[in-house]
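Content type TSV, C-alpha atoms and all ligand atoms, from the file entry.tsv:
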chain	number	residue	atom	x	y	z
A	1	MET	CA	11.92	-12.45	-38.01
A	2	SER	CA	13.63	-15.51	-39.50
A	3	ASP	CA	12.33	-19.06	-39.00
A	4	THR	CA	15.30	-19.84	-36.77
A	5	ALA	CA	14.52	-16.88	-34.52
A	6	LYS	CA	10.88	-17.97	-34.35
A	7	SER	CA	11.74	-21.53	-33.42
A	8	ARG	CA	14.20	-20.26	-30.82
A	9	ALA	CA	11.45	-18.08	-29.38
A	10	ALA	CA	9.05	-21.03	-29.32
A	11	THR	CA	11.39	-23.28	-27.34
A	12	LEU	CA	12.58	-20.50	-25.02
A	13	ALA	CA	9.49	-20.68	-22.84
A	14	HIS	CA	10.02	-24.42	-22.30
A	15	LEU	CA	13.74	-24.52	-21.59
A	16	ARG	CA	13.11	-24.95	-17.89
A	17	GLY	CA	10.00	-27.10	-18.29
A	18	VAL	CA	11.73	-29.94	-20.11
A	19	LYS	CA	14.15	-30.42	-17.19
A	20	LEU	CA	11.58	-30.55	-14.39
A	21	ALA	CA	11.06	-33.54	-12.12
A	22	LYS	CA	7.61	-34.43	-10.77
A	23	GLY	CA	6.61	-31.93	-8.10
A	24	ASP	CA	9.08	-29.17	-9.16
A	25	PRO	CA	7.69	-25.63	-9.44
A	26	VAL	CA	6.97	-24.72	-13.06
A	27	SER	CA	8.01	-21.08	-12.55
A	28	LEU	CA	11.60	-20.27	-11.69
A	29	PRO	CA	12.19	-20.08	-7.92
A	30	LEU	CA	14.20	-17.09	-6.72
A	31	THR	CA	17.22	-18.50	-4.87
A	32	MET	CA	18.49	-15.93	-2.38
A	33	THR	CA	21.47	-17.57	-0.71
A	34	THR	CA	25.15	-16.91	-0.21
A	35	THR	CA	25.93	-20.44	0.97
A	36	PHE	CA	24.97	-23.97	-0.01
A	37	HIS	CA	24.82	-27.16	2.04
A	38	LEU	CA	28.41	-28.29	1.48
A	39	PRO	CA	29.80	-31.06	3.68
A	40	GLY	CA	33.09	-32.76	2.67
A	41	ASN	CA	34.42	-32.58	-0.91
A	42	PRO	CA	33.00	-29.35	-2.47
A	43	ALA	CA	33.58	-30.42	-6.13
A	44	GLY	CA	30.72	-30.61	-8.61
A	45	VAL	CA	28.02	-28.69	-6.73
A	46	SER	CA	27.12	-25.07	-5.96
A	47	GLN	CA	29.61	-23.78	-3.42
A	48	TYR	CA	29.28	-20.07	-2.69
A	49	GLY	CA	27.14	-17.16	-3.85
A	50	ARG	CA	29.98	-15.42	-5.70
A	51	TYR	CA	30.63	-18.57	-7.77
A	52	ASP	CA	27.18	-19.96	-8.55
A	53	ASN	CA	23.51	-19.21	-8.25
A	54	PRO	CA	20.69	-21.31	-9.72
A	55	THR	CA	18.69	-18.20	-10.68
A	56	TRP	CA	21.60	-16.77	-12.73
A	57	GLU	CA	22.12	-20.16	-14.29
A	58	ALA	CA	18.50	-20.22	-15.48
A	59	VAL	CA	18.97	-16.80	-17.14
A	60	GLU	CA	22.26	-17.92	-18.68
A	61	ASP	CA	20.45	-20.94	-20.14
A	62	MET	CA	17.94	-18.62	-21.77
A	63	LEU	CA	20.57	-16.18	-23.03
A	64	GLY	CA	22.69	-19.08	-24.31
A	65	HIS	CA	19.66	-20.41	-26.18
A	66	LEU	CA	18.91	-17.00	-27.71
A	67	GLU	CA	22.53	-16.29	-28.64
A	68	ASP	CA	23.25	-19.88	-29.69
A	69	ALA	CA	26.43	-19.51	-27.61
A	70	PRO	CA	27.47	-19.97	-23.98
A	71	SER	CA	26.58	-16.80	-22.09
A	72	VAL	CA	27.77	-15.32	-18.80
A	73	ALA	CA	25.52	-12.96	-16.81
A	74	PHE	CA	26.67	-9.67	-15.27
A	75	PRO	CA	25.10	-7.03	-13.03
A	76	SER	CA	24.92	-4.46	-15.87
A	77	GLY	CA	25.82	-3.96	-19.51
A	78	MET	CA	28.95	-2.05	-18.46
A	79	ALA	CA	29.99	-4.89	-16.14
A	80	ALA	CA	29.80	-7.23	-19.17
A	81	ILE	CA	31.89	-4.83	-21.28
A	82	ALA	CA	34.41	-4.35	-18.46
A	83	ALA	CA	34.69	-8.14	-18.08
A	84	VAL	CA	35.69	-8.47	-21.74
A	85	PHE	CA	38.31	-5.73	-21.42
A	86	PHE	CA	39.81	-6.81	-18.13
A	87	ALA	CA	39.68	-10.58	-18.75
A	88	LEU	CA	41.13	-10.51	-22.26
A	89	LEU	CA	43.51	-7.54	-22.61
A	90	LYS	CA	47.06	-7.15	-21.40
A	91	ALA	CA	49.58	-4.28	-21.30
A	92	GLY	CA	50.68	-3.28	-24.81
A	93	ASP	CA	47.39	-4.26	-26.49
A	94	ARG	CA	45.68	-1.50	-28.47
A	95	ILE	CA	41.91	-1.36	-28.96
A	96	LEU	CA	39.49	0.37	-31.32
A	97	LEU	CA	36.15	1.77	-30.14
A	98	PRO	CA	33.32	3.55	-31.96
A	99	SER	CA	33.55	7.33	-31.48
A	100	ASP	CA	29.76	7.67	-31.76
A	101	GLY	CA	28.61	4.63	-29.77
A	102	TYR	CA	27.49	4.58	-26.14
A	103	TYR	CA	30.02	6.86	-24.44
A	104	THR	CA	30.82	4.92	-21.26
A	105	PRO	CA	33.11	2.27	-22.84
A	106	ARG	CA	35.32	5.17	-24.06
A	107	LEU	CA	35.35	6.70	-20.58
A	108	LEU	CA	36.23	3.32	-19.07
A	109	ALA	CA	39.07	2.89	-21.56
A	110	GLU	CA	40.37	6.41	-20.94
A	111	ARG	CA	40.22	6.24	-17.16
A	112	PHE	CA	41.09	2.60	-16.43
A	113	LEU	CA	42.69	0.91	-19.48
A	114	LYS	CA	45.10	3.65	-20.55
A	115	PRO	CA	46.96	3.69	-17.19
A	116	PHE	CA	47.56	-0.08	-17.64
A	117	ASP	CA	49.18	0.59	-21.02
A	118	VAL	CA	46.13	-0.38	-23.09
A	119	PRO	CA	45.59	2.64	-25.37
A	120	PHE	CA	42.54	3.11	-27.59
A	121	ASP	CA	41.52	4.84	-30.79
A	122	ALA	CA	37.98	5.79	-31.76
A	123	ARG	CA	36.33	5.91	-35.19
A	124	PRO	CA	32.84	6.81	-36.45
A	125	THR	CA	30.62	3.79	-37.02
A	126	LYS	CA	29.68	4.73	-40.58
A	127	SER	CA	33.34	4.71	-41.69
A	128	PHE	CA	34.52	2.07	-39.23
A	129	LEU	CA	36.35	-0.02	-41.84
A	130	ASP	CA	38.37	2.93	-43.17
A	131	GLY	CA	42.00	2.55	-42.15
A	132	GLY	CA	41.78	-1.21	-41.53
A	133	PHE	CA	42.51	-2.92	-38.22
A	134	SER	CA	46.22	-3.61	-38.27
A	135	GLY	CA	47.80	-3.14	-34.83
A	136	TYR	CA	44.62	-3.76	-32.82
A	137	ARG	CA	44.11	-6.63	-30.39
A	138	LEU	CA	40.41	-5.92	-29.98
A	139	VAL	CA	37.91	-4.12	-32.20
A	140	PHE	CA	34.62	-3.09	-30.60
A	141	VAL	CA	31.58	-2.33	-32.77
A	142	GLU	CA	28.16	-1.00	-31.89
A	143	THR	CA	25.79	-1.18	-34.84
A	144	PRO	CA	23.37	0.55	-35.05
A	145	SER	CA	25.25	3.06	-32.93
A	146	ASN	CA	23.57	4.63	-29.95
A	147	PRO	CA	22.31	7.32	-30.35
A	148	GLY	CA	23.08	8.27	-34.00
A	149	LEU	CA	21.85	4.94	-35.51
A	150	ASP	CA	24.69	4.66	-38.01
A	151	ILE	CA	25.64	1.18	-39.15
A	152	CYS	CA	28.84	-0.61	-40.09
A	153	ASP	CA	29.31	-3.80	-42.08
A	154	MET	CA	29.72	-6.32	-39.29
A	155	ALA	CA	30.83	-9.21	-41.51
A	156	GLY	CA	33.32	-6.90	-43.25
A	157	VAL	CA	34.72	-5.71	-39.91
A	158	ALA	CA	35.02	-9.32	-38.70
A	159	ARG	CA	36.83	-10.46	-41.85
A	160	LEU	CA	39.37	-7.61	-41.90
A	161	ALA	CA	39.87	-7.61	-38.12
A	162	HIS	CA	40.51	-11.36	-38.12
A	163	GLU	CA	43.04	-10.96	-40.93
A	164	ALA	CA	44.78	-8.39	-38.71
A	165	GLY	CA	44.70	-10.79	-35.73
A	166	ALA	CA	42.12	-8.83	-33.70
A	167	LEU	CA	39.17	-10.08	-31.68
A	168	VAL	CA	35.81	-8.59	-32.66
A	169	VAL	CA	33.39	-7.61	-29.92
A	170	ALA	CA	29.87	-6.46	-30.84
A	171	ASP	CA	27.63	-4.52	-28.49
A	172	ASN	CA	24.19	-5.77	-29.58
A	173	THR	CA	22.19	-3.80	-27.01
A	174	THR	CA	20.16	-1.80	-29.51
A	175	MET	CA	19.05	-4.93	-31.42
A	176	THR	CA	18.83	-7.96	-29.06
A	177	PRO	CA	19.43	-11.48	-30.48
A	178	TYR	CA	16.02	-11.33	-32.19
A	179	GLY	CA	17.01	-8.31	-34.28
A	180	GLN	CA	20.61	-9.05	-35.22
A	181	ARG	CA	23.01	-11.97	-34.74
A	182	PRO	CA	26.59	-10.66	-34.54
A	183	LEU	CA	28.14	-14.07	-33.82
A	184	ASP	CA	26.63	-15.44	-37.04
A	185	LEU	CA	28.01	-12.40	-38.88
A	186	GLY	CA	31.52	-13.22	-37.70
A	187	ALA	CA	31.95	-11.38	-34.37
A	188	ASP	CA	33.82	-13.35	-31.70
A	189	ILE	CA	32.02	-11.94	-28.69
A	190	VAL	CA	28.65	-10.30	-28.06
A	191	VAL	CA	28.11	-7.96	-25.13
A	192	ALA	CA	24.72	-6.51	-24.27
A	193	ALA	CA	22.89	-4.44	-21.69
A	194	ASP	CA	19.90	-6.63	-20.77
A	195	THR	CA	18.87	-3.61	-18.73
A	196	LYS	CA	17.16	-2.47	-21.95
A	197	ALA	CA	14.70	-4.52	-24.05
A	198	PRO	CA	15.64	-8.01	-22.76
A	199	ASN	CA	14.46	-7.17	-19.25
A	200	GLY	CA	12.12	-4.59	-20.72
A	201	HIS	CA	10.44	-3.28	-17.57
A	202	SER	CA	13.01	-0.64	-16.52
A	203	ASP	CA	13.39	-2.23	-13.08
A	204	ALA	CA	16.70	-4.12	-13.22
A	205	LEU	CA	20.20	-3.54	-14.54
A	206	PHE	CA	21.76	-6.63	-16.12
A	207	GLY	CA	24.17	-7.64	-18.87
A	208	HIS	CA	25.78	-10.60	-20.54
A	209	VAL	CA	28.73	-11.79	-22.59
A	210	ALA	CA	28.15	-14.50	-25.23
A	211	CYS	CA	30.94	-16.32	-27.06
A	212	ARG	CA	31.46	-19.65	-28.84
A	213	ASP	CA	35.11	-19.95	-27.80
A	214	ALA	CA	35.39	-22.08	-24.65
A	215	GLY	CA	38.70	-20.48	-23.59
A	216	ILE	CA	37.24	-16.97	-23.73
A	217	ILE	CA	34.12	-18.01	-21.82
A	218	THR	CA	36.29	-19.56	-19.09
A	219	ALA	CA	38.32	-16.36	-18.79
A	220	ILE	CA	35.10	-14.29	-18.56
A	221	ARG	CA	33.66	-16.60	-15.87
A	222	ASP	CA	36.94	-16.47	-13.94
A	223	TRP	CA	36.90	-12.66	-14.12
A	224	ARG	CA	33.38	-12.62	-12.67
A	225	LYS	CA	34.24	-15.03	-9.89
A	226	LEU	CA	37.48	-13.28	-8.90
A	227	SER	CA	36.39	-9.65	-9.34
A	228	GLY	CA	33.00	-10.24	-7.69
A	229	SER	CA	31.15	-8.57	-10.57
A	230	ILE	CA	28.11	-10.80	-10.01
A	231	PRO	CA	24.43	-10.18	-10.72
A	232	GLY	CA	21.97	-10.20	-7.83
A	233	PRO	CA	19.63	-13.21	-7.82
A	234	PHE	CA	16.54	-11.00	-7.73
A	235	GLU	CA	17.68	-9.04	-10.80
A	236	ALA	CA	18.37	-12.36	-12.52
A	237	TRP	CA	14.86	-13.51	-11.65
A	238	LEU	CA	13.38	-10.32	-13.11
A	239	VAL	CA	15.41	-10.69	-16.32
A	240	HIS	CA	14.36	-14.35	-16.60
A	241	ARG	CA	10.78	-13.19	-16.49
A	242	GLY	CA	11.47	-10.37	-18.98
A	243	LEU	CA	13.14	-12.72	-21.47
A	244	GLU	CA	10.01	-14.86	-21.56
A	245	THR	CA	8.16	-12.02	-23.31
A	246	LEU	CA	11.04	-10.42	-25.23
A	247	GLU	CA	9.98	-11.76	-28.60
A	248	VAL	CA	6.41	-10.42	-28.28
A	249	ARG	CA	7.53	-7.03	-26.99
A	250	PHE	CA	10.34	-6.68	-29.52
A	251	GLU	CA	8.04	-7.58	-32.39
A	252	ARG	CA	5.47	-4.95	-31.33
A	253	MET	CA	8.12	-2.29	-30.65
A	254	CYS	CA	9.87	-2.77	-34.01
A	255	LYS	CA	6.60	-2.77	-35.94
A	256	SER	CA	5.35	0.38	-34.18
A	257	ALA	CA	8.74	2.11	-34.63
A	258	GLU	CA	8.62	1.51	-38.38
A	259	LEU	CA	5.16	3.02	-38.68
A	260	ILE	CA	5.98	6.00	-36.45
A	261	ALA	CA	9.28	6.70	-38.22
A	262	ARG	CA	7.46	6.86	-41.57
A	263	ARG	CA	4.83	9.26	-40.20
A	264	LEU	CA	7.46	11.44	-38.52
A	265	THR	CA	9.12	12.10	-41.87
A	266	ASN	CA	5.91	13.89	-42.97
A	267	HIS	CA	5.49	16.12	-39.90
A	268	ARG	CA	6.34	19.79	-40.39
A	269	ALA	CA	8.05	20.08	-36.97
A	270	VAL	CA	10.56	17.30	-37.76
A	271	LYS	CA	13.74	18.38	-39.58
A	272	SER	CA	15.09	14.87	-40.11
A	273	VAL	CA	14.54	11.28	-39.02
A	274	ARG	CA	17.06	8.47	-38.56
A	275	PHE	CA	15.65	4.94	-38.67
A	276	PRO	CA	17.40	2.11	-40.51
A	277	GLY	CA	14.08	0.83	-41.85
A	278	LEU	CA	13.41	3.97	-43.94
A	279	GLU	CA	14.41	3.36	-47.57
A	280	ASP	CA	16.22	6.71	-47.82
A	281	ASP	CA	18.09	6.35	-44.51
A	282	PRO	CA	21.89	6.24	-45.09
A	283	SER	CA	21.96	2.96	-43.11
A	284	HIS	CA	19.13	1.23	-44.94
A	285	ASN	CA	20.91	-0.83	-47.61
A	286	LEU	CA	23.43	-2.26	-45.18
A	287	ALA	CA	20.73	-2.77	-42.54
A	288	THR	CA	18.76	-5.03	-44.89
A	289	THR	CA	21.81	-7.27	-45.34
A	290	GLN	CA	22.64	-7.81	-41.67
A	291	MET	CA	19.67	-6.97	-39.45
A	292	GLU	CA	16.62	-9.20	-39.04
A	293	ARG	CA	14.53	-6.24	-37.80
A	294	PHE	CA	15.18	-2.47	-37.88
A	295	GLY	CA	14.83	-2.00	-34.14
A	296	PHE	CA	12.69	0.21	-31.94
A	297	LEU	CA	14.89	3.33	-31.70
A	298	ILE	CA	14.25	6.40	-33.81
A	299	GLY	CA	16.40	9.53	-33.99
A	300	LEU	CA	14.59	12.75	-34.81
A	301	ASP	CA	15.96	16.25	-35.08
A	302	LEU	CA	13.54	18.96	-34.08
A	303	GLY	CA	15.94	21.81	-34.83
A	304	SER	CA	16.66	23.22	-31.38
A	305	GLU	CA	17.03	22.30	-27.74
A	306	ALA	CA	13.87	24.23	-26.83
A	307	LYS	CA	11.74	22.44	-29.43
A	308	ALA	CA	13.10	19.02	-28.49
A	309	GLU	CA	12.46	19.62	-24.79
A	310	ALA	CA	8.97	20.98	-25.55
A	311	PHE	CA	8.14	17.83	-27.54
A	312	ILE	CA	9.41	15.47	-24.85
A	313	GLY	CA	7.79	17.40	-22.02
A	314	ALA	CA	4.36	17.58	-23.65
A	315	CYS	CA	3.96	14.04	-24.94
A	316	ALA	CA	1.55	12.19	-22.67
A	317	LEU	CA	2.61	8.70	-23.82
A	318	VAL	CA	6.38	9.24	-23.86
A	319	GLN	CA	8.31	9.10	-20.61
A	320	PRO	CA	11.11	11.69	-20.36
A	321	ALA	CA	13.91	9.36	-19.28
A	322	THR	CA	17.34	8.13	-20.23
A	323	SER	CA	17.83	4.50	-21.24
A	324	PHE	CA	15.58	2.68	-23.73
A	325	GLY	CA	13.89	-0.60	-24.53
A	326	GLY	CA	11.18	-0.47	-21.86
A	327	VAL	CA	7.49	-1.30	-22.31
A	328	HIS	CA	6.86	2.43	-21.89
A	329	SER	CA	7.95	4.63	-24.77
A	330	SER	CA	10.62	7.08	-23.65
A	331	ALA	CA	12.67	9.88	-25.13
A	332	GLU	CA	15.56	12.13	-24.36
A	333	ARG	CA	17.71	14.80	-25.93
A	334	ARG	CA	21.07	13.10	-26.14
A	335	ALA	CA	23.12	16.30	-26.43
A	336	ARG	CA	22.35	16.83	-22.74
A	337	TRP	CA	24.97	14.11	-22.04
A	338	GLY	CA	27.45	15.54	-24.52
A	339	ASP	CA	26.81	13.00	-27.33
A	340	ALA	CA	27.93	14.30	-30.72
A	341	VAL	CA	24.41	14.91	-32.06
A	342	PRO	CA	22.58	18.20	-32.81
A	343	PRO	CA	21.01	20.00	-29.80
A	344	GLY	CA	17.49	19.22	-31.09
A	345	PHE	CA	18.19	15.48	-31.63
A	346	VAL	CA	15.79	13.25	-29.71
A	347	ARG	CA	16.30	9.51	-29.25
A	348	LEU	CA	12.84	8.01	-29.14
A	349	SER	CA	12.49	4.48	-27.77
A	350	VAL	CA	9.21	3.05	-28.98
A	351	GLY	CA	7.48	0.91	-26.38
A	352	CYS	CA	4.52	-1.45	-26.32
A	353	GLU	CA	1.62	1.01	-26.24
A	354	PRO	CA	-1.03	0.43	-28.94
A	355	VAL	CA	0.52	2.21	-31.90
A	356	GLU	CA	-2.35	4.47	-33.00
A	357	ALA	CA	-2.75	5.92	-29.50
A	358	LEU	CA	1.00	6.38	-29.28
A	359	TRP	CA	1.15	8.12	-32.66
A	360	GLN	CA	-1.73	10.44	-31.72
A	361	ALA	CA	0.14	11.49	-28.56
A	362	ILE	CA	3.37	12.05	-30.50
A	363	GLU	CA	1.59	13.97	-33.25
A	364	ALA	CA	-0.29	16.15	-30.74
A	365	SER	CA	2.94	16.99	-28.99
A	366	LEU	CA	4.69	17.82	-32.29
A	367	ASP	CA	1.69	19.92	-33.41
A	368	GLY	CA	2.11	22.00	-30.26
A	369	ILE	CA	5.69	23.01	-31.08
A	370	ARG	CA	5.85	26.68	-31.95
A	371	GLY	CA	8.03	28.27	-34.60
B	1	LIG	C1	24.66	0.46	-26.32
B	1	LIG	C2	24.82	0.36	-24.83
B	1	LIG	N1	25.72	-0.52	-24.35
B	1	LIG	C3	25.91	-0.67	-23.02
B	1	LIG	C4	25.19	0.09	-22.12
B	1	LIG	C5	25.46	-0.07	-20.65
B	1	LIG	O1	24.42	-0.73	-20.01
B	1	LIG	P1	24.18	-0.61	-18.42
B	1	LIG	O2	23.60	0.73	-18.18
B	1	LIG	O3	23.29	-1.76	-18.11
B	1	LIG	O4	25.52	-0.74	-17.77
B	1	LIG	C6	24.26	1.01	-22.57
B	1	LIG	C7	23.50	1.84	-21.62
B	1	LIG	O5	22.78	2.75	-21.98
B	1	LIG	C8	24.07	1.15	-23.96
B	1	LIG	O6	23.20	2.04	-24.47

Just give me the structure as structure tokens.
Amino acid sequence: MSDTAKSRAATLAHLRGVKLAKGDPVSLPLTMTTTFHLPGNPAGVSQYGRYDNPTWEAVEDMLGHLEDAPSVAFPSGMAAIAAVFFALLKAGDRILLPSDGYYTPRLLAERFLKPFDVPFDARPTKSFLDGGFSGYRLVFVETPSNPGLDICDMAGVARLAHEAGALVVADNTTMTPYGQRPLDLGADIVVAADTKAPNGHSDALFGHVACRDAGIITAIRDWRKLSGSIPGPFEAWLVHRGLETLEVRFERMCKSAELIARRLTNHRAVKSVRFPGLEDDPSHNLATTQMERFGFLIGLDLGSEAKAEAFIGACALVQPATSFGGVHSSAERRARWGDAVPPGFVRLSVGCEPVEALWQAIEASLDGIRG
């Protein structure tokens, strides 16, 4: 992790503390209210629960600090992505999405943007620059892609897309601001599902949009206020708490993932491993130029659906579950959702368990695979 990331992590825990008055609670109070005491002129204070909430604002302060950019909170990662689409696009705009990234943005575009005359194209992440970006209003990247863990050159995309007059949106869910900094690489907007590692405890959905352009941030805030796509205060409180430990959890998860990925490559039951930190991974060279860490997700192909399900089902320290980024390691066979990966491809999300115990459980489960 770079020195800047470390100093950001160090000050994160004190963002609230430095603003406290004598007698204020040190921990963040959960403010459950729809209304505020509001006699007379309503300007300049909290007005109504769809417009403002002090608990969201505390999370936005933290996210803004981590992203080094104003950030707007949403009730899920998809709500953040939808806010970018619906606040910034108009009829006649064309957008480009990754064909191998998280599938729901493509479904959203197909079902709800196309009928408003906003068509989309989709391209694989590993060849995302091929064909250039002429004719697009918005280019959406997800690198590493979920679940295949391919990578595209974010700075290259930003340069070419800007030359073509397009906005660049980066979904940084798989990396968090500690692992990769898309805005510093040239992206205009970051979207992320804080449902994953930022909250980290698999108990709240949440998302955010971060952007250094004041006009875009205003449009995103207006979208939230007018559409009502607002986070719940309790979820915000949980995410605030999760963010306080993100750096420690992320550090452990990335370190463990690197060790486990290396050991997986030597196991007889594993056909292939995808992890950007492995020197022979197709993503490795590019990863070293734009990622601060290699992340906590590993892709492993066990050769068949039956073998993949047997591995997941038998591993005592891996939760069979969708989603990723929790303190508990988890895994799933992504082909079960129709992702374009082999039937035996498992996405393993490495959690915070002590790594040797975790590896022993993974190894024992792999050893038990027949055939
Ligand atoms: C890369 C990525 N982006 C966005 C999302 C959407 O997040 P949420 O489920 O919080 O809407 C997900 C969810 O899995 C994801 O993997």

Leaving out region 139-152 of chain A and any residue of its chain fewer than 2 positions from it, which residues lie within 8 Å of it when counting all atoms listed in the file, given as a PyMOL selection string?
chain A and resi 95-98+100-102+125-129+133+136-137+154+157+161+166-172+174-175+274-276+282-283+286-287+298-299+334+339+341+347

For CA of Gly344 (chain A) and CA of Ala364 (chain A), determine how far apart the two atoms are, in Å to one decimal place.
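Going from CA of Gly344 (chain A) over to CA of Ala364 (chain A), I get 18.0 Å.
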
Show me which residues sit within 8 Å of ligand LIG 1 (chain B) when counting all atoms listed in the file, and put them as a ChimeraX atom specification.
/A:75-81,101-102,104-105,142,145-147,171-174,191-196,205-207,322-324

In Å, rounded to a single decimal, give me how far CA of His208 (chain A) is from CA of Val239 (chain A).
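Distance between the two atoms: 11.2 Å.
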
Using all atoms listed in the file: which of A:Val190, A:Ala69, A:Ala91, A:Ala82 has the shortest distance to Asp117 (chain A)
A:Ala91

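Counting from CA of Ile216 (chain A), the distance to CA of Phe86 (chain A) is 11.9 Å.
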
Proximity check region 32-144 of chain A to region 19-28 of chain A, 12 Å, nearest pairs one decimal Å, only C-alpha atoms, as CSV:
residue,atom,partner,partner_atom,distance
A:Pro54,CA,A:Leu28,CA,9.4
A:Thr55,CA,A:Leu28,CA,7.5
A:Trp56,CA,A:Leu28,CA,10.6
A:Glu57,CA,A:Leu28,CA,10.8
A:Ala58,CA,A:Leu28,CA,7.9
A:Val59,CA,A:Leu28,CA,9.8
A:Asp61,CA,A:Lys19,CA,11.8

I want to know what sits within 7 Å of Trp237 (chain A), based on all atoms listed in the file, with residues of the same chain fewer than 4 positions away left out; could you give that as a ChimeraX atom specification?
/A:30,55,233,241

Measuring between all atoms listed in the file, which one of A:Asn266, A:Thr33, A:Ser134, A:Ser99 shows the shortest distance to Gln47 (chain A)?
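Checking each candidate against Gln47 (chain A), we get A:Thr33 as the closest.
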
Thr289 (chain A) environment, 9 Å, only C-alpha atoms, sequence neighbours closer than 4 positions dropped, as number ranges by chain
A: 153, 284-285

Residue contacts of Ile369 (chain A) (12 Å, only C-alpha atoms) excluding same-chain residues fewer than 2 positions away, as a PDB file with C-alpha atoms, in the frame of the given file:
ATOM      1  CA  HIS A 267       5.490  16.120 -39.900  1.00  0.00           C
ATOM      2  CA  ARG A 268       6.340  19.790 -40.390  1.00  0.00           C
ATOM      3  CA  ALA A 269       8.050  20.080 -36.970  1.00  0.00           C
ATOM      4  CA  VAL A 270      10.560  17.300 -37.760  1.00  0.00           C
ATOM      5  CA  LEU A 302      13.540  18.960 -34.080  1.00  0.00           C
ATOM      6  CA  GLY A 303      15.940  21.810 -34.830  1.00  0.00           C
ATOM      7  CA  SER A 304      16.660  23.220 -31.380  1.00  0.00           C
ATOM      8  CA  GLU A 305      17.030  22.300 -27.740  1.00  0.00           C
ATOM      9  CA  ALA A 306      13.870  24.230 -26.830  1.00  0.00           C
ATOM     10  CA  LYS A 307      11.740  22.440 -29.430  1.00  0.00           C
ATOM     11  CA  ALA A 308      13.100  19.020 -28.490  1.00  0.00           C
ATOM     12  CA  GLU A 309      12.460  19.620 -24.790  1.00  0.00           C
ATOM     13  CA  ALA A 310       8.970  20.980 -25.550  1.00  0.00           C
ATOM     14  CA  PHE A 311       8.140  17.830 -27.540  1.00  0.00           C
ATOM     15  CA  ILE A 312       9.410  15.470 -24.850  1.00  0.00           C
ATOM     16  CA  GLY A 313       7.790  17.400 -22.020  1.00  0.00           C
ATOM     17  CA  ALA A 314       4.360  17.580 -23.650  1.00  0.00           C
ATOM     18  CA  CYS A 315       3.960  14.040 -24.940  1.00  0.00           C
ATOM     19  CA  ILE A 362       3.370  12.050 -30.500  1.00  0.00           C
ATOM     20  CA  GLU A 363       1.590  13.970 -33.250  1.00  0.00           C
ATOM     21  CA  ALA A 364      -0.290  16.150 -30.740  1.00  0.00           C
ATOM     22  CA  SER A 365       2.940  16.990 -28.990  1.00  0.00           C
ATOM     23  CA  LEU A 366       4.690  17.820 -32.290  1.00  0.00           C
ATOM     24  CA  ASP A 367       1.690  19.920 -33.410  1.00  0.00           C
ATOM     25  CA  GLY A 371       8.030  28.270 -34.600  1.00  0.00           C
TER      26      GLY A 371
END

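Once Pro177 (chain A) and its same-chain neighbours fewer than 3 positions away are set aside, Ala5, Leu63, His65, Leu66, Glu67, Asp68, Asn172, Thr173, Thr174, Gln180, Arg181, Pro182, Leu183, Val190, Ala192, Pro198, Leu246, Glu247 and Glu292 of chain A remain within 10 Å of it when counting all atoms listed in the file.
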
Which of A:Leu264, A:Glu60, A:Met32, A:Met291 sits closest to Leu348 (chain A) [using all atoms listed in the file]
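For Leu348 (chain A), the nearest of the candidates is A:Leu264.
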
In terms of the shortest atom-to-atom distance over all atoms listed in the file, which of A:Ser7, A:Ser202, A:Thr218, A:Ser71 is closest to Glu235 (chain A)?
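Of A:Ser7, A:Ser202, A:Thr218, A:Ser71, the one nearest Glu235 (chain A) is A:Ser202, counting all atoms listed in the file.
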
Draw an axis-aligned box tight on the listed atoms of region 234-237 of chain A, then pad every side by 4 Å and write out centre and edge lengths in Å to one decimal as lines of an AutoDock Vina configuration file.
center_x = 16.6
center_y = -11.3
center_z = -10.1
size_x = 11.5
size_y = 12.5
size_z = 12.8
